[in-house]
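K.L.:
Contents are mmCIF, C-alpha atoms; chains and numbers go by the auth columns; file name model-v6.cif:
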```
data_input
#
loop_
_atom_site.group_PDB
_atom_site.id
_atom_site.type_symbol
_atom_site.label_atom_id
_atom_site.label_comp_id
_atom_site.label_asym_id
_atom_site.label_seq_id
_atom_site.Cartn_x
_atom_site.Cartn_y
_atom_site.Cartn_z
_atom_site.B_iso_or_equiv
_atom_site.auth_seq_id
_atom_site.auth_asym_id
ATOM 1 C CA MET A 1 -1.538 36.725 16.867 0.00 30 A
ATOM 2 C CA THR A 2 -3.475 38.534 14.168 0.00 31 A
ATOM 3 C CA ILE A 3 -2.111 37.703 10.706 0.00 32 A
ATOM 4 C CA ASN A 4 -3.630 37.689 7.245 0.00 33 A
ATOM 5 C CA PHE A 5 -6.829 39.324 8.484 0.00 34 A
ATOM 6 C CA VAL A 6 -8.653 40.665 5.454 0.00 35 A
ATOM 7 C CA THR A 7 -10.867 43.764 5.691 0.00 36 A
ATOM 8 C CA ASP A 8 -11.617 46.754 3.487 0.00 37 A
ATOM 9 C CA LYS A 9 -11.573 48.931 6.623 0.00 38 A
ATOM 10 C CA VAL A 10 -7.775 49.211 6.325 0.00 39 A
ATOM 11 C CA LYS A 11 -5.931 49.990 3.109 0.00 40 A
ATOM 12 C CA LEU A 12 -2.223 49.597 2.392 0.00 41 A
ATOM 13 C CA TRP A 13 -0.160 50.834 -0.489 0.00 42 A
ATOM 14 C CA VAL A 14 3.593 50.957 -0.993 0.00 43 A
ATOM 15 C CA ASN A 15 5.601 53.575 -2.886 0.00 44 A
ATOM 16 C CA GLY A 16 9.274 52.662 -2.944 0.00 45 A
ATOM 17 C CA ARG A 17 10.548 52.504 0.645 0.00 46 A
ATOM 18 C CA VAL A 18 7.370 54.050 2.085 0.00 47 A
ATOM 19 C CA ALA A 19 4.208 52.206 3.119 0.00 48 A
ATOM 20 C CA THR A 20 0.971 54.070 3.813 0.00 49 A
ATOM 21 C CA VAL A 21 -1.599 52.457 6.097 0.00 50 A
ATOM 22 C CA GLU A 22 -4.991 54.141 5.859 0.00 51 A
ATOM 23 C CA MET A 23 -7.896 53.685 8.239 0.00 52 A
ATOM 24 C CA ASN A 24 -10.903 53.416 5.953 0.00 53 A
ATOM 25 C CA ARG A 25 -14.191 54.012 7.736 0.00 54 A
ATOM 26 C CA PRO A 26 -14.774 57.601 6.611 0.00 55 A
ATOM 27 C CA GLU A 27 -18.519 57.383 7.290 0.00 56 A
ATOM 28 C CA SER A 28 -17.761 56.975 11.015 0.00 57 A
ATOM 29 C CA LEU A 29 -14.724 59.302 11.100 0.00 58 A
ATOM 30 C CA ASN A 30 -12.527 56.188 11.116 0.00 59 A
ATOM 31 C CA SER A 31 -13.728 55.020 14.503 0.00 60 A
ATOM 32 C CA LEU A 32 -11.921 51.848 15.503 0.00 61 A
ATOM 33 C CA ASP A 33 -13.983 48.668 15.618 0.00 62 A
ATOM 34 C CA VAL A 34 -12.536 45.184 16.134 0.00 63 A
ATOM 35 C CA ASP A 35 -12.256 44.478 12.403 0.00 64 A
ATOM 36 C CA MET A 36 -10.292 47.684 11.805 0.00 65 A
ATOM 37 C CA ILE A 37 -8.016 46.976 14.781 0.00 66 A
ATOM 38 C CA LYS A 38 -7.284 43.453 13.532 0.00 67 A
ATOM 39 C CA GLY A 39 -6.791 44.783 10.015 0.00 68 A
ATOM 40 C CA LEU A 40 -4.249 47.331 11.246 0.00 69 A
ATOM 41 C CA VAL A 41 -2.320 44.649 13.142 0.00 70 A
ATOM 42 C CA SER A 42 -2.280 42.409 10.076 0.00 71 A
ATOM 43 C CA LYS A 43 -1.001 45.148 7.753 0.00 72 A
ATOM 44 C CA LEU A 44 1.652 46.304 10.229 0.00 73 A
ATOM 45 C CA LYS A 45 2.961 42.773 10.708 0.00 74 A
ATOM 46 C CA GLU A 46 3.064 42.347 6.951 0.00 75 A
ATOM 47 C CA ILE A 47 5.113 45.555 6.672 0.00 76 A
ATOM 48 C CA ALA A 48 7.409 44.497 9.520 0.00 77 A
ATOM 49 C CA GLU A 49 8.453 41.432 7.498 0.00 78 A
ATOM 50 C CA SER A 50 9.501 43.499 4.465 0.00 79 A
ATOM 51 C CA ASP A 51 13.156 44.446 4.083 0.00 80 A
ATOM 52 C CA ASP A 52 12.226 46.970 1.390 0.00 81 A
ATOM 53 C CA ILE A 53 10.110 49.313 3.562 0.00 82 A
ATOM 54 C CA ASP A 54 11.740 51.839 5.893 0.00 83 A
ATOM 55 C CA VAL A 55 8.967 54.365 6.631 0.00 84 A
ATOM 56 C CA VAL A 56 5.326 53.790 7.548 0.00 85 A
ATOM 57 C CA ILE A 57 2.649 56.500 7.319 0.00 86 A
ATOM 58 C CA LEU A 58 -0.521 56.087 9.356 0.00 87 A
ATOM 59 C CA THR A 59 -3.450 58.168 8.168 0.00 88 A
ATOM 60 C CA GLY A 60 -7.241 58.298 7.979 0.00 89 A
ATOM 61 C CA ASN A 61 -9.505 58.455 4.959 0.00 90 A
ATOM 62 C CA GLY A 62 -11.876 61.421 4.732 0.00 91 A
ATOM 63 C CA ARG A 63 -12.478 64.143 7.296 0.00 92 A
ATOM 64 C CA ALA A 64 -10.663 62.631 10.287 0.00 93 A
ATOM 65 C CA PHE A 65 -7.633 60.684 11.412 0.00 94 A
ATOM 66 C CA SER A 66 -9.729 58.677 13.888 0.00 95 A
ATOM 67 C CA ALA A 67 -12.499 59.800 16.221 0.00 96 A
ATOM 68 C CA GLY A 68 -11.662 56.973 18.643 0.00 97 A
ATOM 69 C CA GLY A 69 -13.215 53.670 19.622 0.00 98 A
ATOM 70 C CA ASP A 70 -16.353 52.615 17.782 0.00 99 A
ATOM 71 C CA ILE A 71 -19.365 54.063 19.559 0.00 100 A
ATOM 72 C CA LYS A 72 -21.398 50.835 19.261 0.00 101 A
ATOM 73 C CA THR A 73 -18.701 48.934 21.129 0.00 102 A
ATOM 74 C CA MET A 74 -18.464 51.741 23.674 0.00 103 A
ATOM 75 C CA LEU A 75 -22.199 51.705 24.324 0.00 104 A
ATOM 76 C CA SER A 76 -22.621 47.936 24.422 0.00 105 A
ATOM 77 C CA ASN A 77 -22.805 46.090 27.720 0.00 106 A
ATOM 78 C CA LEU A 78 -19.930 43.715 27.079 0.00 107 A
ATOM 79 C CA ASN A 79 -19.343 41.320 29.940 0.00 108 A
ATOM 80 C CA GLU A 80 -15.854 40.479 31.146 0.00 109 A
ATOM 81 C CA SER A 81 -15.437 37.485 28.824 0.00 110 A
ATOM 82 C CA GLU A 82 -16.300 39.670 25.795 0.00 111 A
ATOM 83 C CA PHE A 83 -14.566 42.857 26.933 0.00 112 A
ATOM 84 C CA PHE A 84 -11.092 41.463 27.574 0.00 113 A
ATOM 85 C CA PRO A 85 -10.613 40.049 24.041 0.00 114 A
ATOM 86 C CA VAL A 86 -11.445 43.496 22.593 0.00 115 A
ATOM 87 C CA MET A 87 -8.909 45.123 24.908 0.00 116 A
ATOM 88 C CA ASP A 88 -6.347 42.440 24.023 0.00 117 A
ATOM 89 C CA CYS A 89 -6.795 43.324 20.335 0.00 118 A
ATOM 90 C CA ILE A 90 -6.103 46.969 21.184 0.00 119 A
ATOM 91 C CA SER A 91 -3.002 45.979 23.158 0.00 120 A
ATOM 92 C CA GLU A 92 -1.681 43.875 20.279 0.00 121 A
ATOM 93 C CA LEU A 93 -2.159 46.806 17.902 0.00 122 A
ATOM 94 C CA ILE A 94 -0.385 49.293 20.163 0.00 123 A
ATOM 95 C CA ILE A 95 2.577 47.002 20.897 0.00 124 A
ATOM 96 C CA THR A 96 2.914 46.136 17.194 0.00 125 A
ATOM 97 C CA LEU A 97 2.829 49.782 16.115 0.00 126 A
ATOM 98 C CA TYR A 98 5.173 50.999 18.867 0.00 127 A
ATOM 99 C CA SER A 99 7.701 48.213 18.274 0.00 128 A
ATOM 100 C CA ILE A 100 7.649 47.914 14.471 0.00 129 A
ATOM 101 C CA PRO A 101 11.227 48.079 13.088 0.00 130 A
ATOM 102 C CA LYS A 102 10.383 50.967 10.782 0.00 131 A
ATOM 103 C CA LEU A 103 10.140 54.737 11.199 0.00 132 A
ATOM 104 C CA THR A 104 6.496 55.680 11.743 0.00 133 A
ATOM 105 C CA ILE A 105 4.612 58.919 11.132 0.00 134 A
ATOM 106 C CA SER A 106 1.019 59.792 11.979 0.00 135 A
ATOM 107 C CA ALA A 107 -0.417 62.271 9.475 0.00 136 A
ATOM 108 C CA VAL A 108 -3.303 63.783 11.433 0.00 137 A
ATOM 109 C CA ASN A 109 -6.179 65.557 9.737 0.00 138 A
ATOM 110 C CA GLY A 110 -9.494 66.392 11.375 0.00 139 A
ATOM 111 C CA ALA A 111 -10.066 64.653 14.707 0.00 140 A
ATOM 112 C CA ALA A 112 -7.667 62.394 16.577 0.00 141 A
ATOM 113 C CA ALA A 113 -9.610 61.585 19.715 0.00 142 A
ATOM 114 C CA GLY A 114 -9.641 58.936 22.412 0.00 143 A
ATOM 115 C CA LEU A 115 -8.221 55.665 21.110 0.00 144 A
ATOM 116 C CA GLY A 116 -7.482 57.416 17.805 0.00 145 A
ATOM 117 C CA PHE A 117 -5.192 59.809 19.663 0.00 146 A
ATOM 118 C CA SER A 118 -3.583 56.872 21.508 0.00 147 A
ATOM 119 C CA LEU A 119 -2.809 55.325 18.134 0.00 148 A
ATOM 120 C CA ALA A 120 -1.096 58.499 16.903 0.00 149 A
ATOM 121 C CA LEU A 121 0.953 58.714 20.107 0.00 150 A
ATOM 122 C CA ALA A 122 2.281 55.188 19.470 0.00 151 A
ATOM 123 C CA THR A 123 4.117 56.403 16.348 0.00 152 A
ATOM 124 C CA ASP A 124 7.543 58.039 16.241 0.00 153 A
ATOM 125 C CA HIS A 125 6.459 61.361 14.750 0.00 154 A
ATOM 126 C CA ILE A 126 3.125 63.198 14.556 0.00 155 A
ATOM 127 C CA ILE A 127 2.420 65.782 11.871 0.00 156 A
ATOM 128 C CA ALA A 128 -0.881 67.558 12.440 0.00 157 A
ATOM 129 C CA ASP A 129 -2.836 69.679 10.001 0.00 158 A
ATOM 130 C CA LYS A 130 -3.320 73.185 11.389 0.00 159 A
ATOM 131 C CA THR A 131 -7.092 72.685 11.552 0.00 160 A
ATOM 132 C CA SER A 132 -6.959 69.286 13.269 0.00 161 A
ATOM 133 C CA LYS A 133 -8.266 68.688 16.788 0.00 162 A
ATOM 134 C CA LEU A 134 -6.763 66.290 19.313 0.00 163 A
ATOM 135 C CA ALA A 135 -8.399 65.058 22.502 0.00 164 A
ATOM 136 C CA MET A 136 -7.752 62.533 25.250 0.00 165 A
ATOM 137 C CA ASN A 137 -11.452 62.724 26.036 0.00 166 A
ATOM 138 C CA PHE A 138 -12.232 59.475 27.895 0.00 167 A
ATOM 139 C CA ILE A 139 -12.947 61.417 31.107 0.00 168 A
ATOM 140 C CA GLY A 140 -16.079 62.906 29.532 0.00 169 A
ATOM 141 C CA ILE A 141 -17.841 59.552 29.776 0.00 170 A
ATOM 142 C CA GLY A 142 -16.269 58.450 33.046 0.00 171 A
ATOM 143 C CA LEU A 143 -13.528 56.268 31.534 0.00 172 A
ATOM 144 C CA ILE A 144 -9.735 56.213 31.664 0.00 173 A
ATOM 145 C CA PRO A 145 -7.493 56.417 28.585 0.00 174 A
ATOM 146 C CA ASP A 146 -6.560 53.118 26.995 0.00 175 A
ATOM 147 C CA GLY A 147 -4.384 52.122 24.063 0.00 176 A
ATOM 148 C CA GLY A 148 -1.304 52.768 26.207 0.00 177 A
ATOM 149 C CA SER A 149 -1.994 56.475 26.581 0.00 178 A
ATOM 150 C CA HIS A 150 -0.865 56.544 30.213 0.00 179 A
ATOM 151 C CA PHE A 151 2.507 55.299 28.959 0.00 180 A
ATOM 152 C CA PHE A 152 2.787 57.628 25.952 0.00 181 A
ATOM 153 C CA LEU A 153 1.579 60.769 27.723 0.00 182 A
ATOM 154 C CA GLU A 154 3.895 60.212 30.689 0.00 183 A
ATOM 155 C CA LYS A 155 6.828 59.668 28.307 0.00 184 A
ATOM 156 C CA ARG A 156 6.081 62.833 26.327 0.00 185 A
ATOM 157 C CA LEU A 157 4.911 65.151 29.102 0.00 186 A
ATOM 158 C CA GLY A 158 5.981 63.785 32.478 0.00 187 A
ATOM 159 C CA GLU A 159 3.599 62.563 35.170 0.00 188 A
ATOM 160 C CA ILE A 160 2.082 65.872 36.295 0.00 189 A
ATOM 161 C CA LYS A 161 1.275 67.208 32.820 0.00 190 A
ATOM 162 C CA ALA A 162 0.056 63.781 31.710 0.00 191 A
ATOM 163 C CA LYS A 163 -2.483 63.731 34.541 0.00 192 A
ATOM 164 C CA GLN A 164 -3.579 67.254 33.653 0.00 193 A
ATOM 165 C CA VAL A 165 -4.221 66.313 29.996 0.00 194 A
ATOM 166 C CA ILE A 166 -6.118 63.150 31.022 0.00 195 A
ATOM 167 C CA TRP A 167 -8.181 64.837 33.726 0.00 196 A
ATOM 168 C CA ASP A 168 -9.026 67.891 31.603 0.00 197 A
ATOM 169 C CA GLY A 169 -10.016 65.776 28.612 0.00 198 A
ATOM 170 C CA LYS A 170 -10.378 68.901 26.524 0.00 199 A
ATOM 171 C CA MET A 171 -10.206 69.230 22.765 0.00 200 A
ATOM 172 C CA MET A 172 -6.853 70.761 21.809 0.00 201 A
ATOM 173 C CA SER A 173 -5.956 72.617 18.654 0.00 202 A
ATOM 174 C CA ALA A 174 -2.940 71.337 16.730 0.00 203 A
ATOM 175 C CA GLN A 175 -0.991 74.372 17.932 0.00 204 A
ATOM 176 C CA GLU A 176 -1.852 73.701 21.581 0.00 205 A
ATOM 177 C CA ALA A 177 -0.750 70.082 21.168 0.00 206 A
ATOM 178 C CA LEU A 178 2.518 71.275 19.603 0.00 207 A
ATOM 179 C CA GLU A 179 3.219 73.743 22.398 0.00 208 A
ATOM 180 C CA ILE A 180 2.974 71.110 25.140 0.00 209 A
ATOM 181 C CA GLY A 181 4.940 68.519 23.164 0.00 210 A
ATOM 182 C CA LEU A 182 2.297 66.074 21.986 0.00 211 A
ATOM 183 C CA VAL A 183 2.953 66.551 18.270 0.00 212 A
ATOM 184 C CA GLN A 184 6.182 67.324 16.420 0.00 213 A
ATOM 185 C CA GLU A 185 4.925 69.437 13.507 0.00 214 A
ATOM 186 C CA VAL A 186 1.884 71.561 12.620 0.00 215 A
ATOM 187 C CA THR A 187 1.286 72.482 9.010 0.00 216 A
ATOM 188 C CA GLU A 188 -1.069 74.223 6.631 0.00 217 A
ATOM 189 C CA ASP A 189 -0.251 71.653 3.935 0.00 218 A
ATOM 190 C CA LEU A 190 -0.220 68.151 5.410 0.00 219 A
ATOM 191 C CA GLN A 191 0.892 66.327 2.270 0.00 220 A
ATOM 192 C CA GLU A 192 3.699 68.780 1.524 0.00 221 A
ATOM 193 C CA THR A 193 5.079 68.589 5.062 0.00 222 A
ATOM 194 C CA LEU A 194 4.717 64.808 5.103 0.00 223 A
ATOM 195 C CA ASP A 195 6.603 64.514 1.802 0.00 224 A
ATOM 196 C CA ALA A 196 9.382 66.762 3.128 0.00 225 A
ATOM 197 C CA ARG A 197 9.740 64.689 6.312 0.00 226 A
ATOM 198 C CA ILE A 198 9.860 61.436 4.327 0.00 227 A
ATOM 199 C CA SER A 199 12.412 62.855 1.906 0.00 228 A
ATOM 200 C CA ASP A 200 14.598 64.022 4.787 0.00 229 A
ATOM 201 C CA TRP A 201 14.480 60.666 6.559 0.00 230 A
ATOM 202 C CA LEU A 202 15.164 58.641 3.412 0.00 231 A
ATOM 203 C CA GLN A 203 18.387 60.593 2.877 0.00 232 A
ATOM 204 C CA ARG A 204 19.615 59.595 6.321 0.00 233 A
ATOM 205 C CA PRO A 205 21.193 56.301 7.510 0.00 234 A
ATOM 206 C CA VAL A 206 17.760 54.877 8.282 0.00 235 A
ATOM 207 C CA GLN A 207 18.983 51.575 9.713 0.00 236 A
ATOM 208 C CA ALA A 208 20.864 53.467 12.435 0.00 237 A
ATOM 209 C CA MET A 209 17.687 55.412 13.228 0.00 238 A
ATOM 210 C CA ILE A 210 15.653 52.202 13.377 0.00 239 A
ATOM 211 C CA LYS A 211 18.255 50.539 15.632 0.00 240 A
ATOM 212 C CA THR A 212 17.976 53.421 18.116 0.00 241 A
ATOM 213 C CA LYS A 213 14.191 53.072 18.001 0.00 242 A
ATOM 214 C CA LYS A 214 14.447 49.322 18.606 0.00 243 A
ATOM 215 C CA ILE A 215 16.801 49.717 21.583 0.00 244 A
ATOM 216 C CA LEU A 216 14.455 52.221 23.251 0.00 245 A
ATOM 217 C CA ALA A 217 11.351 50.189 22.385 0.00 246 A
ATOM 218 C CA ASP A 218 12.890 46.994 23.780 0.00 247 A
ATOM 219 C CA MET A 219 13.817 48.860 26.958 0.00 248 A
ATOM 220 C CA ASN A 220 10.313 50.307 27.391 0.00 249 A
ATOM 221 C CA ARG A 221 8.269 47.340 26.165 0.00 250 A
ATOM 222 C CA PRO A 222 7.785 45.697 29.627 0.00 251 A
ATOM 223 C CA GLN A 223 6.428 48.977 31.015 0.00 252 A
ATOM 224 C CA LEU A 224 4.077 49.440 28.056 0.00 253 A
ATOM 225 C CA ILE A 225 2.770 45.881 28.398 0.00 254 A
ATOM 226 C CA LYS A 226 2.201 46.442 32.130 0.00 255 A
ATOM 227 C CA ILE A 227 0.322 49.687 31.532 0.00 256 A
ATOM 228 C CA LEU A 228 -1.863 48.116 28.823 0.00 257 A
ATOM 229 C CA GLU A 229 -2.788 45.383 31.306 0.00 258 A
ATOM 230 C CA LEU A 230 -3.553 47.942 34.028 0.00 259 A
ATOM 231 C CA GLU A 231 -5.670 49.940 31.555 0.00 260 A
ATOM 232 C CA LYS A 232 -7.602 46.818 30.560 0.00 261 A
ATOM 233 C CA HIS A 233 -8.628 45.970 34.125 0.00 262 A
ATOM 234 C CA GLY A 234 -9.081 49.620 35.088 0.00 263 A
ATOM 235 C CA GLN A 235 -11.344 50.249 32.117 0.00 264 A
ATOM 236 C CA LEU A 236 -13.551 47.297 33.012 0.00 265 A
ATOM 237 C CA ASN A 237 -13.968 48.735 36.499 0.00 266 A
ATOM 238 C CA MET A 238 -14.782 52.182 35.103 0.00 267 A
ATOM 239 C CA ARG A 239 -17.454 50.717 32.803 0.00 268 A
ATOM 240 C CA ARG A 240 -19.251 49.482 35.929 0.00 269 A
ATOM 241 C CA THR A 241 -19.447 52.913 37.574 0.00 270 A
ATOM 242 C CA LEU A 242 -22.555 55.063 37.844 0.00 271 A
ATOM 243 C CA ASP A 243 -20.574 57.983 36.427 0.00 272 A
ATOM 244 C CA HIS A 244 -19.806 56.057 33.234 0.00 273 A
ATOM 245 C CA GLN A 245 -23.465 55.112 32.823 0.00 274 A
ATOM 246 C CA GLU A 246 -24.428 58.761 33.318 0.00 275 A
ATOM 247 C CA GLY A 247 -21.713 59.862 30.886 0.00 276 A
ATOM 248 C CA ILE A 248 -23.104 57.566 28.196 0.00 277 A
ATOM 249 C CA ARG A 249 -26.678 58.731 28.806 0.00 278 A
ATOM 250 C CA ALA A 250 -25.577 62.369 28.624 0.00 279 A
ATOM 251 C CA PHE A 251 -23.666 61.657 25.403 0.00 280 A
ATOM 252 C CA ILE A 252 -26.717 60.056 23.803 0.00 281 A
ATOM 253 C CA GLU A 253 -29.021 62.824 25.024 0.00 282 A
ATOM 254 C CA LYS A 254 -26.512 65.545 24.027 0.00 283 A
ATOM 255 C CA ARG A 255 -26.489 67.212 27.429 0.00 284 A
ATOM 256 C CA PRO A 256 -23.873 67.919 30.117 0.00 285 A
ATOM 257 C CA ALA A 257 -23.229 64.935 32.371 0.00 286 A
ATOM 258 C CA LYS A 258 -24.009 65.125 36.079 0.00 287 A
ATOM 259 C CA PHE A 259 -21.296 63.071 37.762 0.00 288 A
ATOM 260 C CA ILE A 260 -21.527 62.010 41.413 0.00 289 A
ATOM 261 C CA GLY A 261 -18.148 60.314 41.895 0.00 290 A
ATOM 262 C CA LYS A 262 -19.583 56.808 42.144 0.00 291 A
#
```
In structure tokens, what does this structure look like?
P.N.:
Amino acid sequence: MTINFVTDKVKLWVNGRVATVEMNRPESLNSLDVDMIKGLVSKLKEIAESDDIDVVILTGNGRAFSAGGDIKTMLSNLNESEFFPVMDCISELIITLYSIPKLTISAVNGAAAGLGFSLALATDHIIADKTSKLAMNFIGIGLIPDGGSHFFLEKRLGEIKAKQVIWDGKMMSAQEALEIGLVQEVTEDLQETLDARISDWLQRPVQAMIKTKKILADMNRPQLIKILELEKHGQLNMRRTLDHQEGIRAFIEKRPAKFIGK
């Protein structure tokens, strides 16, 4: 359990009944390293214990929501004993965010890609700036989605469309994501729309809304845990493939990958 983990890579501030959790690695487009993941878990568990907070905003500092997993971790040759603890940290974050007894909103600006997109999908409501870009782009380097994305995409889209989004791995505009049901709102003024959504929710019987969330989350939790475990072992296998190694080389060399299906 990750509690009281201190890092400046995650910031938290509270305004009345609303807590804002900000990913704070703007120099790397808020890519998620282990410290940031642990910091997010710690802040979310702190919020979960507060009776005074009803709404949680997840956002990113600077030009992006989150560009995904930290590239250094992605490129490193972690062995099984090192890789699984990283994946377990991701699983703890996703379960904590999905299950938190608060109403959660992702305010997406810039890029929400890979694990960053998975994180947004774990919240109750996604508001995306009109200029933002969203991508489930693991396939480009021969990997599968993690962070529970198989669960969240299947829930939002159904099995067939979920596979299409994962296999295509393309960058979507906010409007495209809205049209297929991956985000709830697209806006030209993110802060204004966010404020309006918060104001609307805070005028409602929030505890009834949270109870509905909790019932559904408790029902779905075993499936989410199972999928996170399948993603963890599946991702390790994908990291061993020739296609993943080629995908990484192509990424570094800024060229199209030449996959062979091995």
K.L.:
Mind pulling up the distance from CA of Glu183 in chain A to CA of Val212 in chain A?
P.N.:
14.0 Å
K.L.:
For this structure, which residues satisfy the selection - the PyMOL selection byres ((chain A and resi 193-205) around 8) - when it is evaluated on the file as given? I want them as number ranges by chain.
P.N.:
A: 157-169, 173-174, 189-192, 206-209, 212, 215
K.L.:
Could you write out as a ChimeraX atom specification the residues that the PyMOL selection byres ((chain A and resi 176) around 7) matches in the shown file?
P.N.:
/A:119-120,123,144,147-148,174-175,177-178,257
K.L.:
Name the closest residue to Met238 in chain A among the candidates A:Leu73, A:Leu132, A:Ile66, A:Leu61; distances are taken between atoms, counting only C-alpha atoms.
P.N.:
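So, comparing all the options, the nearest one is A:Leu132.
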K.L.:
Which distance in Å separates CA of Phe112 in chain A and CA of Thr133 in chain A, to one decimal?
P.N.:
29.0 Å
K.L.:
If you apply the PyMOL selection byres ((chain A and resi 71) around 10) to this file, what residues do you get, as a list of chain:residue names?
P.N.:
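For this structure, the PyMOL selection byres ((chain A and resi 71) around 10) captures A:Met30, A:Thr31, A:Ile32, A:Asn33, A:Phe34, A:Val35, A:Thr36, A:Val39, A:Met65, A:Ile66, A:Lys67, A:Gly68, A:Leu69, A:Val70, A:Lys72, A:Leu73, A:Lys74, A:Glu75, A:Ile76, A:Ala77, A:Leu122, A:Thr125.
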K.L.:
So what do you get for CA of Asp80 in chain A versus CA of Asp37 in chain A, distance-wise?
P.N.:
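Result for CA of Asp80 in chain A versus CA of Asp37 in chain A: 24.9 Å, one decimal.
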K.L.:
Give the centre and edge lengths of an axis-aligned box, in Å to one decimal, that holds all listed atoms of range 134-143 of chain A with 4 Å on each side, as JSON.
P.N.:
```
{"center_x": -2.7, "center_y": 62.7, "center_z": 15.9, "size_x": 22.7, "size_y": 15.5, "size_z": 20.9}
```
K.L.:
Have a look at A:Pro234, A:Gly145, A:Pro130, A:Gly276 and name the one nearest to Met52 in chain A; count only C-alpha atoms.
P.N.:
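Counting only C-alpha atoms, the residue closest to Met52 in chain A is A:Gly145.
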K.L.:
Go through A:Arg268, A:Phe181, A:His273, A:Val115 one by one, measure the shortest atom-to-atom distance of each to Asp153 in chain A using only C-alpha atoms, and give the residue with the smallest value.
P.N.:
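Using only C-alpha atoms, Asp153 in chain A sits closest to A:Phe181.
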K.L.:
Point out the residue among A:Leu41, A:Val137, A:Val50, A:Leu126 with the least atom-to-atom distance to Gln220 in chain A, counting all atoms listed in the file.
P.N.:
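When distances to Gln220 in chain A are compared using all atoms listed in the file, the smallest one comes from A:Val137.
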K.L.:
Within 12 Å of Asn108 in chain A, counting only C-alpha atoms, which residues show up once you throw out same-chain ones fewer than 5 positions away? Write them as a PyMOL selection string, please.
P.N.:
chain A and resi 102+113-115+265-266+268-269
K.L.:
Could you give me, as a count of residues only, the residues within 7 Å of Ala96 in chain A, counting all atoms listed in the file and dropping anything in the same chain fewer than 5 positions from it?
P.N.:
8
K.L.:
Name the residues in contact with range 279-287 of chain A at a cut-off of 10 Å, using all atoms listed in the file, excluding same-chain residues fewer than 3 positions from it; report them as a short mmCIF file (atom, residue, chain, number, x, y, z; two decimals) with C-alpha atoms, in the coordinates of the input.
P.N.:
```cif
data_model
loop_
_atom_site.label_atom_id
_atom_site.label_comp_id
_atom_site.auth_asym_id
_atom_site.auth_seq_id
_atom_site.Cartn_x
_atom_site.Cartn_y
_atom_site.Cartn_z
CA LEU A 104 -22.20 51.70 24.32
CA GLY A 169 -16.08 62.91 29.53
CA ILE A 170 -17.84 59.55 29.78
CA GLY A 171 -16.27 58.45 33.05
CA ASP A 272 -20.57 57.98 36.43
CA HIS A 273 -19.81 56.06 33.23
CA GLN A 274 -23.46 55.11 32.82
CA GLU A 275 -24.43 58.76 33.32
CA GLY A 276 -21.71 59.86 30.89
CA GLY A 290 -18.15 60.31 41.90
#
```
